[in-house]
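Next up, entry17.cif (mmCIF, C-alpha atoms and all ligand atoms; chains and numbers go by the auth columns):
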data_data
loop_
_atom_site.group_PDB
_atom_site.id
_atom_site.type_symbol
_atom_site.label_atom_id
_atom_site.label_comp_id
_atom_site.label_asym_id
_atom_site.label_seq_id
_atom_site.Cartn_x
_atom_site.Cartn_y
_atom_site.Cartn_z
_atom_site.B_iso_or_equiv
_atom_site.auth_seq_id
_atom_site.auth_asym_id
ATOM 1 C CA MET A 1 26.546 -27.501 -82.470 0.00 1 A
ATOM 2 C CA ALA A 2 28.454 -29.778 -80.108 0.00 2 A
ATOM 3 C CA ASP A 3 27.001 -30.188 -76.658 0.00 3 A
ATOM 4 C CA CYS A 4 29.399 -28.952 -73.983 0.00 4 A
ATOM 5 C CA PHE A 5 27.846 -31.245 -71.381 0.00 5 A
ATOM 6 C CA ALA A 6 28.306 -34.966 -70.987 0.00 6 A
ATOM 7 C CA PRO A 7 25.083 -36.848 -71.850 0.00 7 A
ATOM 8 C CA THR A 8 24.334 -37.677 -68.201 0.00 8 A
ATOM 9 C CA VAL A 9 24.757 -34.051 -67.200 0.00 9 A
ATOM 10 C CA ARG A 10 22.659 -32.929 -70.120 0.00 10 A
ATOM 11 C CA SER A 11 19.811 -35.218 -69.181 0.00 11 A
ATOM 12 C CA ARG A 12 19.890 -33.839 -65.649 0.00 12 A
ATOM 13 C CA ILE A 13 19.731 -30.318 -67.001 0.00 13 A
ATOM 14 C CA MET A 14 16.804 -31.271 -69.162 0.00 14 A
ATOM 15 C CA ALA A 15 15.133 -32.805 -66.128 0.00 15 A
ATOM 16 C CA THR A 16 14.811 -29.372 -64.525 0.00 16 A
ATOM 17 C CA VAL A 17 12.474 -28.371 -67.303 0.00 17 A
ATOM 18 C CA ARG A 18 9.974 -30.762 -65.821 0.00 18 A
ATOM 19 C CA ASN A 19 10.238 -30.284 -62.100 0.00 19 A
ATOM 20 C CA ARG A 20 6.505 -30.010 -61.538 0.00 20 A
ATOM 21 C CA HIS A 21 4.187 -32.968 -61.755 0.00 21 A
ATOM 22 C CA THR A 22 7.085 -35.399 -61.654 0.00 22 A
ATOM 23 C CA ALA A 23 6.388 -39.134 -61.564 0.00 23 A
ATOM 24 C CA PRO A 24 6.951 -39.473 -57.773 0.00 24 A
ATOM 25 C CA GLU A 25 4.751 -36.450 -57.172 0.00 25 A
ATOM 26 C CA LEU A 26 1.949 -37.983 -59.237 0.00 26 A
ATOM 27 C CA ARG A 27 2.236 -41.282 -57.387 0.00 27 A
ATOM 28 C CA LEU A 28 2.098 -39.586 -54.010 0.00 28 A
ATOM 29 C CA ARG A 29 -0.912 -37.521 -55.065 0.00 29 A
ATOM 30 C CA LYS A 30 -2.719 -40.655 -56.120 0.00 30 A
ATOM 31 C CA SER A 31 -2.060 -42.343 -52.770 0.00 31 A
ATOM 32 C CA LEU A 32 -3.146 -39.263 -50.852 0.00 32 A
ATOM 33 C CA TRP A 33 -6.314 -39.042 -52.873 0.00 33 A
ATOM 34 C CA SER A 34 -7.173 -42.668 -52.163 0.00 34 A
ATOM 35 C CA LEU A 35 -6.685 -41.991 -48.440 0.00 35 A
ATOM 36 C CA GLY A 36 -9.287 -39.264 -48.745 0.00 36 A
ATOM 37 C CA CYS A 37 -6.870 -36.322 -48.604 0.00 37 A
ATOM 38 C CA ARG A 38 -7.930 -33.374 -50.685 0.00 38 A
ATOM 39 C CA TYR A 39 -5.230 -30.945 -51.687 0.00 39 A
ATOM 40 C CA ARG A 40 -4.137 -28.084 -53.867 0.00 40 A
ATOM 41 C CA LEU A 41 -1.249 -28.153 -56.297 0.00 41 A
ATOM 42 C CA HIS A 42 1.468 -25.538 -56.624 0.00 42 A
ATOM 43 C CA ASP A 43 -0.647 -22.919 -54.897 0.00 43 A
ATOM 44 C CA ARG A 44 1.138 -19.600 -55.371 0.00 44 A
ATOM 45 C CA ARG A 45 -0.591 -18.086 -52.339 0.00 45 A
ATOM 46 C CA VAL A 46 1.375 -20.451 -50.103 0.00 46 A
ATOM 47 C CA PRO A 47 5.064 -19.624 -49.503 0.00 47 A
ATOM 48 C CA GLY A 48 7.263 -21.609 -51.871 0.00 48 A
ATOM 49 C CA SER A 49 4.155 -22.781 -53.804 0.00 49 A
ATOM 50 C CA PRO A 50 4.436 -26.332 -52.419 0.00 50 A
ATOM 51 C CA ASP A 51 3.946 -29.298 -54.724 0.00 51 A
ATOM 52 C CA ILE A 52 0.975 -30.306 -52.603 0.00 52 A
ATOM 53 C CA SER A 53 -0.789 -28.256 -49.955 0.00 53 A
ATOM 54 C CA ILE A 54 -3.689 -28.959 -47.647 0.00 54 A
ATOM 55 C CA PRO A 55 -5.037 -25.522 -46.732 0.00 55 A
ATOM 56 C CA ARG A 56 -7.508 -26.673 -44.079 0.00 56 A
ATOM 57 C CA ALA A 57 -4.703 -28.215 -42.024 0.00 57 A
ATOM 58 C CA ARG A 58 -2.035 -25.785 -43.217 0.00 58 A
ATOM 59 C CA VAL A 59 0.254 -28.571 -44.283 0.00 59 A
ATOM 60 C CA ALA A 60 2.696 -27.997 -47.151 0.00 60 A
ATOM 61 C CA ILE A 61 4.341 -30.933 -48.874 0.00 61 A
ATOM 62 C CA PHE A 62 7.401 -30.855 -51.071 0.00 62 A
ATOM 63 C CA VAL A 63 8.472 -33.845 -53.104 0.00 63 A
ATOM 64 C CA ASP A 64 12.219 -33.325 -53.326 0.00 64 A
ATOM 65 C CA GLY A 65 14.323 -34.693 -56.137 0.00 65 A
ATOM 66 C CA CYS A 66 17.142 -36.747 -54.639 0.00 66 A
ATOM 67 C CA PHE A 67 19.611 -35.309 -57.087 0.00 67 A
ATOM 68 C CA TRP A 68 18.611 -31.661 -56.854 0.00 68 A
ATOM 69 C CA HIS A 69 18.471 -31.553 -53.111 0.00 69 A
ATOM 70 C CA GLY A 70 21.316 -33.893 -52.271 0.00 70 A
ATOM 71 C CA CYS A 71 19.411 -36.754 -50.667 0.00 71 A
ATOM 72 C CA PRO A 72 21.605 -38.206 -47.892 0.00 72 A
ATOM 73 C CA ARG A 73 20.678 -41.729 -48.993 0.00 73 A
ATOM 74 C CA CYS A 74 21.187 -41.698 -52.724 0.00 74 A
ATOM 75 C CA TYR A 75 22.983 -38.585 -53.853 0.00 75 A
ATOM 76 C CA THR A 76 26.373 -39.047 -55.473 0.00 76 A
ATOM 77 C CA PRO A 77 28.027 -35.887 -56.755 0.00 77 A
ATOM 78 C CA PRO A 78 28.626 -35.842 -60.518 0.00 78 A
ATOM 79 C CA LYS A 79 32.262 -36.313 -61.457 0.00 79 A
ATOM 80 C CA SER A 80 32.343 -33.639 -64.102 0.00 80 A
ATOM 81 C CA ASN A 81 31.717 -30.002 -63.220 0.00 81 A
ATOM 82 C CA ALA A 82 31.902 -30.727 -59.494 0.00 82 A
ATOM 83 C CA PRO A 83 32.173 -27.086 -58.318 0.00 83 A
ATOM 84 C CA PHE A 84 29.152 -26.136 -60.416 0.00 84 A
ATOM 85 C CA TRP A 85 26.981 -28.854 -58.849 0.00 85 A
ATOM 86 C CA ARG A 86 28.212 -28.130 -55.360 0.00 86 A
ATOM 87 C CA LYS A 87 27.176 -24.521 -55.771 0.00 87 A
ATOM 88 C CA LYS A 88 23.852 -25.500 -57.311 0.00 88 A
ATOM 89 C CA LEU A 89 23.079 -27.753 -54.357 0.00 89 A
ATOM 90 C CA LYS A 90 23.963 -25.001 -51.932 0.00 90 A
ATOM 91 C CA VAL A 91 21.634 -22.571 -53.682 0.00 91 A
ATOM 92 C CA ASN A 92 18.815 -25.126 -53.565 0.00 92 A
ATOM 93 C CA GLU A 93 19.454 -25.762 -49.872 0.00 93 A
ATOM 94 C CA ARG A 94 19.367 -22.072 -49.063 0.00 94 A
ATOM 95 C CA ARG A 95 16.101 -21.638 -50.953 0.00 95 A
ATOM 96 C CA ARG A 96 14.637 -24.591 -49.073 0.00 96 A
ATOM 97 C CA HIS A 97 15.716 -23.108 -45.775 0.00 97 A
ATOM 98 C CA ASN A 98 14.094 -19.755 -46.585 0.00 98 A
ATOM 99 C CA VAL A 99 10.867 -21.367 -47.720 0.00 99 A
ATOM 100 C CA ARG A 100 10.669 -23.474 -44.566 0.00 100 A
ATOM 101 C CA ARG A 101 11.080 -20.353 -42.456 0.00 101 A
ATOM 102 C CA GLU A 102 8.452 -18.432 -44.416 0.00 102 A
ATOM 103 C CA LEU A 103 6.023 -21.308 -44.018 0.00 103 A
ATOM 104 C CA ARG A 104 6.641 -21.542 -40.301 0.00 104 A
ATOM 105 C CA ILE A 105 6.023 -17.824 -39.871 0.00 105 A
ATOM 106 C CA ALA A 106 2.787 -18.118 -41.836 0.00 106 A
ATOM 107 C CA GLY A 107 1.675 -20.993 -39.582 0.00 107 A
ATOM 108 C CA TRP A 108 2.218 -23.869 -41.967 0.00 108 A
ATOM 109 C CA GLN A 109 3.751 -27.238 -41.262 0.00 109 A
ATOM 110 C CA CYS A 110 6.259 -28.262 -43.890 0.00 110 A
ATOM 111 C CA ILE A 111 6.732 -31.899 -44.859 0.00 111 A
ATOM 112 C CA GLU A 112 9.533 -32.906 -47.177 0.00 112 A
ATOM 113 C CA ILE A 113 9.353 -36.216 -48.933 0.00 113 A
ATOM 114 C CA TRP A 114 12.289 -37.601 -50.876 0.00 114 A
ATOM 115 C CA GLU A 115 11.679 -38.943 -54.323 0.00 115 A
ATOM 116 C CA CYS A 116 13.204 -42.251 -53.195 0.00 116 A
ATOM 117 C CA ASP A 117 10.759 -42.484 -50.250 0.00 117 A
ATOM 118 C CA VAL A 118 7.934 -42.431 -52.754 0.00 118 A
ATOM 119 C CA GLU A 119 9.682 -45.019 -54.893 0.00 119 A
ATOM 120 C CA ARG A 120 10.296 -47.298 -51.924 0.00 120 A
ATOM 121 C CA ASN A 121 6.997 -47.010 -50.135 0.00 121 A
ATOM 122 C CA CYS A 122 4.542 -44.513 -51.487 0.00 122 A
ATOM 123 C CA GLU A 123 1.749 -45.681 -49.175 0.00 123 A
ATOM 124 C CA ARG A 124 3.865 -45.083 -46.119 0.00 124 A
ATOM 125 C CA ALA A 125 4.762 -41.560 -47.264 0.00 125 A
ATOM 126 C CA ALA A 126 1.068 -40.846 -47.861 0.00 126 A
ATOM 127 C CA ARG A 127 0.071 -42.211 -44.455 0.00 127 A
ATOM 128 C CA ARG A 128 2.722 -40.061 -42.800 0.00 128 A
ATOM 129 C CA ILE A 129 1.150 -37.003 -44.422 0.00 129 A
ATOM 130 C CA GLN A 130 -2.338 -38.140 -43.502 0.00 130 A
ATOM 131 C CA ALA A 131 -1.291 -38.518 -39.858 0.00 131 A
ATOM 132 C CA ALA A 132 0.243 -35.034 -39.835 0.00 132 A
ATOM 133 C CA VAL A 133 -2.928 -33.593 -41.346 0.00 133 A
ATOM 134 C CA ALA A 134 -5.117 -35.326 -38.752 0.00 134 A
ATOM 135 C CA ARG A 135 -2.913 -34.017 -35.948 0.00 135 A
ATOM 136 C CA ARG A 136 -3.019 -30.490 -37.310 0.00 136 A
ATOM 137 C CA LEU A 137 -6.785 -30.568 -37.681 0.00 137 A
ATOM 138 C CA THR A 138 -7.275 -31.492 -34.038 0.00 138 A
ATOM 139 C CA GLU A 139 -4.896 -28.689 -33.070 0.00 139 A
ATOM 140 C CA ILE A 140 -6.712 -26.148 -35.185 0.00 140 A
ATOM 141 C CA ASP A 141 -10.290 -27.116 -34.297 0.00 141 A
HETATM 142 ZN ZN ZN B . 16.953 -40.351 -52.221 0.00 1 B
#

Would you give me this structure, written as structure tokens?
Amino acid sequence: MADCFAPTVRSRIMATVRNRHTAPELRLRKSLWSLGCRYRLHDRRVPGSPDISIPRARVAIFVDGCFWHGCPRCYTPPKSNAPFWRKKLKVNERRRHNVRRELRIAGWQCIEIWECDVERNCERAARRIQAAVARRLTEID
């Protein structure tokens, strides 16, 4: 059967199959771990089941795919099927917005890290999280 999608589009579709434990997420986890941060993964008890969550500090971390969430730095809309992707992005954005609100109501701080931030400087992203966690802990205690 012929594929109705261009190969680049197809590979992006296939990429959704693996949206947990992505390479940037693994790298960030490793850096956090080496900074002494202990976390939970995809905890369903936390709104939006964040990629990484630190329950003690109530910090939720999402590692956002630059393509799926329209990163302002590196997103370029696909040429084929433009209306489809525009709509897809909008749906993702709305979901993100709702999750952020739910987290706020439940007393969580939400940190969003772009995939490309991890690629550029994973240590810096990890330190940013560590600082937020430290701040939250002093607030809570
Ligand atoms: Zn990006």

Q: Collect all residues with atoms no farther than 8 Å from ligand ZN 1 (chain B), counting only C-alpha atoms and all ligand atoms, and output them as a ChimeraX atom specification.
A: /A:65-67,70-75,114-117

Q | Protein/DNA/RNA residues near (4.3, -45.1, -48.6), cut 12 Å, only C-alpha atoms, as a PyMOL selection string | A | chain A and resi 24+27-32+35+113-130

Could you write those residues out with C-alpha atoms, as a PDB file, in the coordinates of the input?
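To be explicit, this is the file written out as result17.pdb:
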ATOM      1  CA  PRO A  24       6.951 -39.473 -57.773  1.00  0.00           C
ATOM      2  CA  ARG A  27       2.236 -41.282 -57.387  1.00  0.00           C
ATOM      3  CA  LEU A  28       2.098 -39.586 -54.010  1.00  0.00           C
ATOM      4  CA  ARG A  29      -0.912 -37.521 -55.065  1.00  0.00           C
ATOM      5  CA  LYS A  30      -2.719 -40.655 -56.120  1.00  0.00           C
ATOM      6  CA  SER A  31      -2.060 -42.343 -52.770  1.00  0.00           C
ATOM      7  CA  LEU A  32      -3.146 -39.263 -50.852  1.00  0.00           C
ATOM      8  CA  LEU A  35      -6.685 -41.991 -48.440  1.00  0.00           C
ATOM      9  CA  ILE A 113       9.353 -36.216 -48.933  1.00  0.00           C
ATOM     10  CA  TRP A 114      12.289 -37.601 -50.876  1.00  0.00           C
ATOM     11  CA  GLU A 115      11.679 -38.943 -54.323  1.00  0.00           C
ATOM     12  CA  CYS A 116      13.204 -42.251 -53.195  1.00  0.00           C
ATOM     13  CA  ASP A 117      10.759 -42.484 -50.250  1.00  0.00           C
ATOM     14  CA  VAL A 118       7.934 -42.431 -52.754  1.00  0.00           C
ATOM     15  CA  GLU A 119       9.682 -45.019 -54.893  1.00  0.00           C
ATOM     16  CA  ARG A 120      10.296 -47.298 -51.924  1.00  0.00           C
ATOM     17  CA  ASN A 121       6.997 -47.010 -50.135  1.00  0.00           C
ATOM     18  CA  CYS A 122       4.542 -44.513 -51.487  1.00  0.00           C
ATOM     19  CA  GLU A 123       1.749 -45.681 -49.175  1.00  0.00           C
ATOM     20  CA  ARG A 124       3.865 -45.083 -46.119  1.00  0.00           C
ATOM     21  CA  ALA A 125       4.762 -41.560 -47.264  1.00  0.00           C
ATOM     22  CA  ALA A 126       1.068 -40.846 -47.861  1.00  0.00           C
ATOM     23  CA  ARG A 127       0.071 -42.211 -44.455  1.00  0.00           C
ATOM     24  CA  ARG A 128       2.722 -40.061 -42.800  1.00  0.00           C
ATOM     25  CA  ILE A 129       1.150 -37.003 -44.422  1.00  0.00           C
ATOM     26  CA  GLN A 130      -2.338 -38.140 -43.502  1.00  0.00           C
TER      27      GLN A 130
END

Q. Could you state the separation of atom CA of Ile52 of chain A and atom CA of Glu25 of chain A in Å, given to one decimal place?
A. 8.5 Å

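Going from atom CA of His42 of chain A over to atom CA of Ala60 of chain A, you cover 9.9 Å.
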
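Across the structure, atom CA of Gly107 of chain A and atom CA of Asn92 of chain A are spaced 22.5 Å apart.
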
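With all atoms listed in the file as the atoms that count, the minimum distance from Arg135 of chain A to the choices A:Lys87, A:Arg40, A:Ile105, A:Ala57 is reached by A:Ala57.
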
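The closest residue to Lys88 of chain A, picked from A:Arg56, A:Trp68, A:Pro50, A:Arg104 and counting only C-alpha atoms, is A:Trp68.
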
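Shell of Glu93 of chain A at 7 Å, with only C-alpha atoms counted and residues fewer than 4 places along the chain excluded, is His69, Leu89 and His97 of chain A.
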
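Using all atoms listed in the file for every distance, the candidate list A:Arg58, A:Ala23, A:Val46, A:Asp51 yields A:Arg58 as the residue closest to Ile140 of chain A.
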
Provide segment 65-76 of chain A rebuilt to all heavy atoms, formatted as an mmCIF file, in the frame of the given file.
data_model
loop_
_atom_site.group_PDB
_atom_site.id
_atom_site.type_symbol
_atom_site.label_atom_id
_atom_site.label_comp_id
_atom_site.auth_asym_id
_atom_site.auth_seq_id
_atom_site.Cartn_x
_atom_site.Cartn_y
_atom_site.Cartn_z
ATOM 1 N N GLY A 65 13.486 -33.854 -55.276
ATOM 2 C CA GLY A 65 14.323 -34.693 -56.137
ATOM 3 C C GLY A 65 15.619 -35.026 -55.408
ATOM 4 O O GLY A 65 16.268 -34.143 -54.866
ATOM 5 N N CYS A 66 15.961 -36.312 -55.382
ATOM 6 C CA CYS A 66 17.142 -36.747 -54.639
ATOM 7 C C CYS A 66 18.409 -36.106 -55.204
ATOM 8 O O CYS A 66 19.325 -35.798 -54.470
ATOM 9 C CB CYS A 66 17.258 -38.268 -54.691
ATOM 10 S SG CYS A 66 15.943 -39.057 -53.766
ATOM 11 N N PHE A 67 18.432 -35.917 -56.487
ATOM 12 C CA PHE A 67 19.611 -35.309 -57.087
ATOM 13 C C PHE A 67 19.680 -33.813 -56.796
ATOM 14 O O PHE A 67 20.697 -33.297 -56.359
ATOM 15 C CB PHE A 67 19.618 -35.554 -58.595
ATOM 16 C CG PHE A 67 20.795 -34.890 -59.256
ATOM 17 C CD1 PHE A 67 22.064 -35.434 -59.125
ATOM 18 C CD2 PHE A 67 20.635 -33.720 -59.974
ATOM 19 C CE1 PHE A 67 23.164 -34.809 -59.698
ATOM 20 C CE2 PHE A 67 21.731 -33.089 -60.553
ATOM 21 C CZ PHE A 67 22.993 -33.632 -60.422
ATOM 22 N N TRP A 68 18.606 -33.121 -56.977
ATOM 23 C CA TRP A 68 18.611 -31.661 -56.854
ATOM 24 C C TRP A 68 18.772 -31.174 -55.436
ATOM 25 O O TRP A 68 19.199 -30.054 -55.194
ATOM 26 C CB TRP A 68 17.333 -31.074 -57.452
ATOM 27 C CG TRP A 68 17.324 -31.305 -58.913
ATOM 28 C CD1 TRP A 68 16.550 -32.202 -59.594
ATOM 29 C CD2 TRP A 68 18.200 -30.713 -59.873
ATOM 30 N NE1 TRP A 68 16.891 -32.193 -60.917
ATOM 31 C CE2 TRP A 68 17.895 -31.287 -61.112
ATOM 32 C CE3 TRP A 68 19.216 -29.759 -59.787
ATOM 33 C CZ2 TRP A 68 18.575 -30.935 -62.273
ATOM 34 C CZ3 TRP A 68 19.881 -29.405 -60.944
ATOM 35 C CH2 TRP A 68 19.564 -29.988 -62.173
ATOM 36 N N HIS A 69 18.405 -31.998 -54.487
ATOM 37 C CA HIS A 69 18.471 -31.553 -53.111
ATOM 38 C C HIS A 69 19.468 -32.356 -52.287
ATOM 39 O O HIS A 69 19.498 -32.239 -51.075
ATOM 40 C CB HIS A 69 17.073 -31.576 -52.487
ATOM 41 C CG HIS A 69 16.130 -30.642 -53.189
ATOM 42 N ND1 HIS A 69 16.117 -29.295 -52.947
ATOM 43 C CD2 HIS A 69 15.222 -30.862 -54.164
ATOM 44 C CE1 HIS A 69 15.219 -28.719 -53.747
ATOM 45 N NE2 HIS A 69 14.665 -29.656 -54.484
ATOM 46 N N GLY A 70 20.251 -33.176 -52.958
ATOM 47 C CA GLY A 70 21.316 -33.893 -52.271
ATOM 48 C C GLY A 70 20.820 -34.859 -51.215
ATOM 49 O O GLY A 70 21.232 -34.793 -50.068
ATOM 50 N N CYS A 71 19.933 -35.743 -51.590
ATOM 51 C CA CYS A 71 19.411 -36.754 -50.667
ATOM 52 C C CYS A 71 20.554 -37.494 -49.971
ATOM 53 O O CYS A 71 21.466 -37.980 -50.623
ATOM 54 C CB CYS A 71 18.543 -37.744 -51.448
ATOM 55 S SG CYS A 71 18.111 -39.214 -50.522
ATOM 56 N N PRO A 72 20.501 -37.566 -48.616
ATOM 57 C CA PRO A 72 21.605 -38.206 -47.892
ATOM 58 C C PRO A 72 21.729 -39.693 -48.221
ATOM 59 O O PRO A 72 22.777 -40.287 -48.025
ATOM 60 C CB PRO A 72 21.232 -38.011 -46.419
ATOM 61 C CG PRO A 72 19.784 -37.696 -46.409
ATOM 62 C CD PRO A 72 19.461 -37.052 -47.716
ATOM 63 N N ARG A 73 20.658 -40.294 -48.724
ATOM 64 C CA ARG A 73 20.678 -41.729 -48.993
ATOM 65 C C ARG A 73 21.203 -42.067 -50.384
ATOM 66 O O ARG A 73 21.888 -43.042 -50.564
ATOM 67 C CB ARG A 73 19.277 -42.302 -48.815
ATOM 68 C CG ARG A 73 19.287 -43.687 -48.275
ATOM 69 C CD ARG A 73 17.954 -44.070 -47.672
ATOM 70 N NE ARG A 73 16.858 -43.297 -48.239
ATOM 71 C CZ ARG A 73 15.714 -43.100 -47.625
ATOM 72 N NH1 ARG A 73 15.497 -43.638 -46.460
ATOM 73 N NH2 ARG A 73 14.773 -42.381 -48.196
ATOM 74 N N CYS A 74 20.825 -41.254 -51.367
ATOM 75 C CA CYS A 74 21.187 -41.698 -52.724
ATOM 76 C C CYS A 74 21.890 -40.667 -53.602
ATOM 77 O O CYS A 74 22.089 -40.912 -54.779
ATOM 78 C CB CYS A 74 19.990 -42.305 -53.433
ATOM 79 S SG CYS A 74 18.504 -41.340 -53.317
ATOM 80 N N TYR A 75 22.296 -39.565 -53.026
ATOM 81 C CA TYR A 75 22.983 -38.585 -53.853
ATOM 82 C C TYR A 75 24.461 -38.906 -53.997
ATOM 83 O O TYR A 75 25.146 -39.131 -53.006
ATOM 84 C CB TYR A 75 22.845 -37.188 -53.252
ATOM 85 C CG TYR A 75 23.599 -36.121 -54.010
ATOM 86 C CD1 TYR A 75 23.103 -35.627 -55.216
ATOM 87 C CD2 TYR A 75 24.800 -35.612 -53.519
ATOM 88 C CE1 TYR A 75 23.790 -34.639 -55.905
ATOM 89 C CE2 TYR A 75 25.491 -34.624 -54.211
ATOM 90 C CZ TYR A 75 24.983 -34.147 -55.407
ATOM 91 O OH TYR A 75 25.663 -33.177 -56.086
ATOM 92 N N THR A 76 24.933 -38.975 -55.228
ATOM 93 C CA THR A 76 26.373 -39.047 -55.473
ATOM 94 C C THR A 76 26.735 -37.881 -56.383
ATOM 95 O O THR A 76 26.105 -37.688 -57.419
ATOM 96 C CB THR A 76 26.789 -40.361 -56.158
ATOM 97 O OG1 THR A 76 25.857 -40.638 -57.194
ATOM 98 C CG2 THR A 76 26.834 -41.515 -55.186
#
